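Report on one structure; see the data block that follows.
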Amino acid sequence: MPITYTSGEQVEVYRFNWPITIGVPATALFLQAWLPRHLSFFAMLDLPLLVTIFFGISRRNPVSGLLTGGIIGVFQDALTSLPIGINGIAKTVVGYGASSLGVKLDVENAGARLLVTLVFCVAHKIVYFMVARGLVNLSMQWSWPHELWAAFINAIVGVFLFFALDRFKQRT
Amino acid sequence: MESVLGRYKNLIVLVCVLFAQVLGLAVQVKRTTDTESSRLIRIWAVDSVTPFEKVLNWMHNSSWNIWHNYFYLRGVRAENRGLKAEIERLRLEQIRLNEDAAQARRLQALFAFKEQFISQTRPAQVIGSSGSEQSRAIYIDKGESDGLKPDMAVITADGIVGKVLKVFHSTSQVLLIDDQSSGVGGILEKSRLQGIVRGTRSGEVVLEHIMSDNPVQPGEVVRTSGGDRIFPKGLPVGTVSQVGNGPDLFLTIRVRPAANLSKLEEVLVVTKLVEQEPTQLESGPVRAADILAQRLPSVPDKPPAADPSKPGAGEAAKPSAPAAIKPARPAGVSAPNTNAANPPKPDEKVPPKPQAQASPARAASPSSLGVGPTATAPSALKPATEKGPAPPPVKVVDPTPSAPKPKPAAPPANAPSPIQDGPQ
């Protein structure tokens, strides 16, 4: 059983069964494509990103985290009109970062989750912006107030979502 | 070596995965079309998401229809009355516009303009979106199996929506006009200035490439110019909401889209465009007075005015004019003025018109035009019903001068010409 220790406390590693591993990201992708058409507010949310962060900090395995983020990102790109890989790269980095952070920190409480999600949402936007501008030459607009507000909204939703998804965790 | 690999295993995997994706991105950016592998991923993603979207959409629409069509019918009677009044008003307006359109067609025919006409559309339902602020695209429930192809125009009754970007088996991706990678040829309705309608990064729609010395006012309507070869000319794009000075001597014109792009339910995909020179009706345009005359059942038949012995009477008696349609006139003759200048004399006797002999085409015209057998010739009523300003005289060249025309039966010696407004 892979167990890491942080400040003398035991940090548990969780796993998820296959239906959850596939079903939760697929549901997040579906809702991300379906909900904004009916509720435009949801366009600000990035449910696949929240799922990437959740799996990353729960599994605490960087390879698993970056692969999960990469696959989710690629499928998210496939639903847009943009080249495939922009979200893929950004979510790969976030998945790697979240799982690496999860190894070192205990992010089980709401405050820590809020902060971690906030930071990773901003980091995701920065990587996305760099890839879109630098590699694909998309003309994108960066607005700190907008990005911070969107990250905050995502973090709030993420806290509730993480608690909802906690029940699917299985201890290794 | 093994210890190094084991120690930096996570980092190496990260670099490999990132490198693969960067490589994939570079390939996609280099090629204009989708590569086979990226298209496959798109097909997988779309095929796994859209069936659920279709089901949810169907359930949503069904419950909405049941509620609104069977339970929530408050105010329907009042709305019905209002709509009927609106229809009457629009009918009259349509009559006026028909006249203008016919005149425009005549002029276009003179100059041999080619024009695109929408000849076939396919209704489709919006089932989903791309779910990203950076990519403003929607998914519709019609695809390759329904005859859709990339670059087909997507419109609503209010205005244009976008174009088909990617086509899958039973779904298609539509790029909206407010996406930053879209571009539509636009023209300002009043000033006739042409530019390019583009989406912005923030999802607004702007009209570009209008020089700042041109007067553009908010509220002006923007229509498609047809220059992009996707949208036919004249479709509404939106209205100018804000005008400001932009960089490089160009105006920054913000446009409010005519179609509500955030609340699209059903759209029309233009599956067939026909490019042709507008043809002028041989029988001439339908006039407002003519159509109004059809609705008066008690009006007597048209009195004779022209002497068949006069030159031009035989030409006027050609059976080419349906009952409700103004007959073709010789070149240089302005129809409205002719009648106004030569009303039938009050002391003239009005014998019954020899319909079967003088105008055999009339036998076929009522059924096709919905005109009853008692419909009168339009010219007899023109002076009384023409209220608007007369259109300018237009010299119309007969587009089919050599076309064989049915030979009318020889009129009796004293038979009057059925056409009143021939050359005098």
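Each chain of the structure tokens is named A, B, ... in the order shown, its residues numbered from 1; ligands are numbered from 1 in display order.
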What are the closest atom pairs, with distances in Å to one decimal, for all residues of chain A lying within 8 Å of chain B? Consider only C-alpha atoms, order rows by chain and residue number, and present the result as a tab-separated table.
```
residue	atom	partner	partner_atom	distance
A:Leu29	CA	B:Val49	CA	7.8
A:Phe30	CA	B:Val49	CA	5.7
A:Gln32	CA	B:Gly131	CA	5.1
A:Ala33	CA	B:Gly131	CA	4.3
A:Trp34	CA	B:Gly128	CA	5.0
A:Leu35	CA	B:Gly131	CA	7.9
A:Pro36	CA	B:Gly131	CA	6.2
A:Arg37	CA	B:Ser129	CA	6.1
A:His38	CA	B:Lys263	CA	7.4
A:Ser40	CA	B:Ser262	CA	7.4
A:Ala43	CA	B:Gly131	CA	6.0
A:Met44	CA	B:Glu133	CA	7.4
A:Pro62	CA	B:Asn10	CA	6.1
A:Val63	CA	B:Asn10	CA	5.7
A:Leu66	CA	B:Leu14	CA	6.8
A:Leu67	CA	B:Val17	CA	7.9
A:Gly70	CA	B:Val17	CA	7.9
A:Phe75	CA	B:Ala45	CA	5.8
A:Gln76	CA	B:Ala45	CA	7.9
A:Ala78	CA	B:Arg42	CA	4.5
A:Leu79	CA	B:Ser130	CA	5.3
A:Thr80	CA	B:Ser130	CA	4.8
A:Ser81	CA	B:Ser135	CA	6.0
A:Leu82	CA	B:Ser135	CA	6.7
A:Pro83	CA	B:Gln28	CA	6.4
A:Ile84	CA	B:Leu25	CA	6.5
A:Gly85	CA	B:Gln21	CA	5.6
A:Ile86	CA	B:Leu25	CA	7.7
A:Gly88	CA	B:Gln21	CA	7.2
A:Ile89	CA	B:Leu18	CA	6.0
A:Thr92	CA	B:Leu18	CA	7.4
A:Val93	CA	B:Leu14	CA	7.8
A:Tyr96	CA	B:Leu14	CA	7.4
A:Leu135	CA	B:Ala26	CA	7.4
A:Val136	CA	B:Val29	CA	6.5
A:Ser139	CA	B:Arg201	CA	7.1
A:Met140	CA	B:Arg201	CA	5.9
A:Gln141	CA	B:Arg201	CA	6.0
```
Residues near stretch 266-272 of chain B, cut-off 7 Å, only C-alpha atoms, skip fewer than 5 positions along chain, as a PyMOL selection string:
chain B and resi 118-126+148+152-156
Preceding selection exported with N, CA and C atoms as a compact mmCIF listing (two decimals), in the first residue's frame:
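Written file, again.txt:
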```
# COMPACT_ATOMS: atom_id res chain seq x y z
N ILE B 118 -31.79 31.03 -52.26
CA ILE B 118 -31.87 29.83 -51.41
C ILE B 118 -32.94 28.95 -52.01
N SER B 119 -32.55 27.79 -52.48
CA SER B 119 -33.55 26.94 -53.10
C SER B 119 -33.91 25.75 -52.23
N GLN B 120 -33.09 25.43 -51.25
CA GLN B 120 -33.42 24.29 -50.40
C GLN B 120 -32.80 24.49 -49.03
N THR B 121 -33.60 24.26 -48.00
CA THR B 121 -33.07 24.34 -46.64
C THR B 121 -33.46 23.07 -45.88
N ARG B 122 -32.75 22.86 -44.80
CA ARG B 122 -33.01 21.67 -43.99
C ARG B 122 -33.12 22.13 -42.53
N PRO B 123 -34.26 21.94 -41.91
CA PRO B 123 -34.37 22.34 -40.50
C PRO B 123 -33.58 21.40 -39.60
N ALA B 124 -32.99 21.96 -38.59
CA ALA B 124 -32.20 21.15 -37.65
C ALA B 124 -32.39 21.71 -36.25
N GLN B 125 -32.19 20.85 -35.29
CA GLN B 125 -32.35 21.25 -33.89
C GLN B 125 -30.98 21.36 -33.23
N VAL B 126 -30.82 22.39 -32.45
CA VAL B 126 -29.56 22.57 -31.73
C VAL B 126 -29.55 21.64 -30.52
N LEU B 148 -25.83 17.19 -45.35
CA LEU B 148 -25.09 18.39 -44.95
C LEU B 148 -23.62 18.26 -45.34
N MET B 152 -21.75 25.05 -45.37
CA MET B 152 -23.14 25.41 -45.67
C MET B 152 -23.60 26.48 -44.68
N ALA B 153 -24.42 27.39 -45.15
CA ALA B 153 -24.89 28.48 -44.29
C ALA B 153 -25.97 27.97 -43.35
N VAL B 154 -25.93 28.49 -42.12
CA VAL B 154 -26.94 28.15 -41.12
C VAL B 154 -27.63 29.45 -40.70
N ILE B 155 -28.95 29.45 -40.81
CA ILE B 155 -29.70 30.68 -40.57
C ILE B 155 -30.91 30.39 -39.69
N THR B 156 -31.53 31.46 -39.22
CA THR B 156 -32.86 31.37 -38.61
C THR B 156 -33.74 32.40 -39.32
```
Using backbone DSSP assignments, extract all alpha helix (DSSP H) residues from stretch 51-246 of chain B; output them as JSON, numbers by chain.
{"B": [51, 52, 53, 54, 55, 56, 57, 58, 59, 60, 61, 62, 63, 64, 65, 66, 76, 77, 78, 79, 80, 81, 82, 83, 84, 85, 86, 87, 88, 89, 90, 91, 92, 93, 94, 95, 96, 97, 98, 99, 100, 101, 102, 103, 104, 105, 106, 107, 108, 109, 110, 111]}
Provide the atom CA of B:Phe250 to atom CA of B:Lys163 distance in Å, to one decimal place.
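So the two atoms, atom CA of B:Phe250 and atom CA of B:Lys163, lie 26.5 Å apart.
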Rounded to one decimal place, report the atom CA of B:Pro232-atom CA of B:Glu99 distance in Å.
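Here the two named atoms are 21.5 Å from each other.
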Atom CA of B:Pro257 and atom CA of B:Val205 are how many Å apart?
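Between these atoms lies a distance of 7.1 Å.
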When you look at A:Ala150 with a cut-off of 9 Å (counting only C-alpha atoms), what residues show up, excluding the ones that are within fewer than 3 positions of it in the same chain? I need them as a PyMOL selection string.
chain A and resi 44-45+121-122+145-147+153-155
Write the residues of the selection above to a file with N, CA and C atoms, as a compact mmCIF listing (two decimals), in the first residue's frame.
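Dumped to result_18.txt:
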```txt
# COMPACT_ATOMS: atom_id res chain seq x y z
N MET A 44 -18.77 29.56 -17.87
CA MET A 44 -17.64 30.00 -17.05
C MET A 44 -17.01 28.83 -16.30
N LEU A 45 -17.80 27.82 -16.06
CA LEU A 45 -17.28 26.65 -15.33
C LEU A 45 -16.46 25.75 -16.25
N CYS A 121 -6.86 26.41 -11.20
CA CYS A 121 -7.69 27.01 -12.28
C CYS A 121 -6.92 28.14 -12.96
N VAL A 122 -6.26 28.96 -12.15
CA VAL A 122 -5.46 30.04 -12.73
C VAL A 122 -4.29 29.46 -13.53
N PRO A 145 -9.14 40.17 -14.00
CA PRO A 145 -10.39 40.11 -13.21
C PRO A 145 -11.29 38.96 -13.66
N HIS A 146 -11.40 38.79 -14.96
CA HIS A 146 -12.27 37.72 -15.46
C HIS A 146 -11.73 36.35 -15.07
N GLU A 147 -10.44 36.17 -15.25
CA GLU A 147 -9.86 34.85 -14.96
C GLU A 147 -9.92 34.54 -13.46
N ILE A 153 -15.18 31.09 -8.93
CA ILE A 153 -16.46 30.38 -9.12
C ILE A 153 -16.19 28.88 -9.26
N ASN A 154 -15.19 28.55 -10.04
CA ASN A 154 -14.85 27.13 -10.22
C ASN A 154 -14.43 26.50 -8.89
N ALA A 155 -13.68 27.27 -8.09
CA ALA A 155 -13.22 26.73 -6.81
C ALA A 155 -14.39 26.46 -5.86
```
Residues at most 7 Å from stretch 156-168 of chain A, counting only C-alpha atoms, excluding those fewer than 4 positions away in the same chain, as a PyMOL selection string?
chain A and resi 16+50+54+110+113-114+117+152
Just to be explicit: take each residue in the selection above, keep N, CA and C atoms, and write the result as a PDB file, in the first residue's frame.
```pdb
ATOM      1  N   PHE A  16     -10.272   4.405  -7.615  1.00  0.00           N
ATOM      2  CA  PHE A  16     -11.673   4.428  -8.065  1.00  0.00           C
ATOM      3  C   PHE A  16     -11.897   3.250  -9.000  1.00  0.00           C
ATOM      4  N   LEU A  50     -12.187  20.464 -13.075  1.00  0.00           N
ATOM      5  CA  LEU A  50     -12.431  20.122 -11.662  1.00  0.00           C
ATOM      6  C   LEU A  50     -12.284  18.613 -11.442  1.00  0.00           C
ATOM      7  N   PHE A  54      -9.656  16.747  -9.016  1.00  0.00           N
ATOM      8  CA  PHE A  54     -10.128  15.805  -7.991  1.00  0.00           C
ATOM      9  C   PHE A  54      -9.408  14.464  -8.095  1.00  0.00           C
ATOM     10  N   ALA A 110     -12.153  21.611   3.357  1.00  0.00           N
ATOM     11  CA  ALA A 110     -12.750  22.510   2.360  1.00  0.00           C
ATOM     12  C   ALA A 110     -11.854  23.692   2.026  1.00  0.00           C
ATOM     13  N   ARG A 113      -8.985  22.670  -0.208  1.00  0.00           N
ATOM     14  CA  ARG A 113      -9.510  22.359  -1.545  1.00  0.00           C
ATOM     15  C   ARG A 113      -9.847  23.627  -2.323  1.00  0.00           C
ATOM     16  N   LEU A 114     -10.427  24.590  -1.612  1.00  0.00           N
ATOM     17  CA  LEU A 114     -10.761  25.855  -2.275  1.00  0.00           C
ATOM     18  C   LEU A 114      -9.500  26.522  -2.820  1.00  0.00           C
ATOM     19  N   THR A 117      -7.843  24.424  -5.706  1.00  0.00           N
ATOM     20  CA  THR A 117      -8.620  24.527  -6.954  1.00  0.00           C
ATOM     21  C   THR A 117      -8.448  25.907  -7.579  1.00  0.00           C
ATOM     22  N   PHE A 152     -12.429  31.619  -9.095  1.00  0.00           N
ATOM     23  CA  PHE A 152     -13.105  31.595  -7.793  1.00  0.00           C
ATOM     24  C   PHE A 152     -14.427  30.826  -7.886  1.00  0.00           C
TER      25      PHE A 152
END
```
Which is closest to A:Val103 among A:Ala90, A:Ile71, A:Ile57, A:Leu47, if we use only C-alpha atoms?
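Looking only at the distances to A:Val103, the closest residue turns out to be A:Ile57.
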As number ranges by chain, please: every residue in stretch 174-277 of chain B that a backbone DSSP assignment puts in strand (DSSP E or B).
B: 174-176, 183-188, 194-199, 205-208, 211, 221-224, 236-245, 250-257, 266-276
From the list B:Ile230, B:Val222, B:Leu249, B:Ile66, the nearest residue to B:Gly183 using only C-alpha atoms is B:Ile230
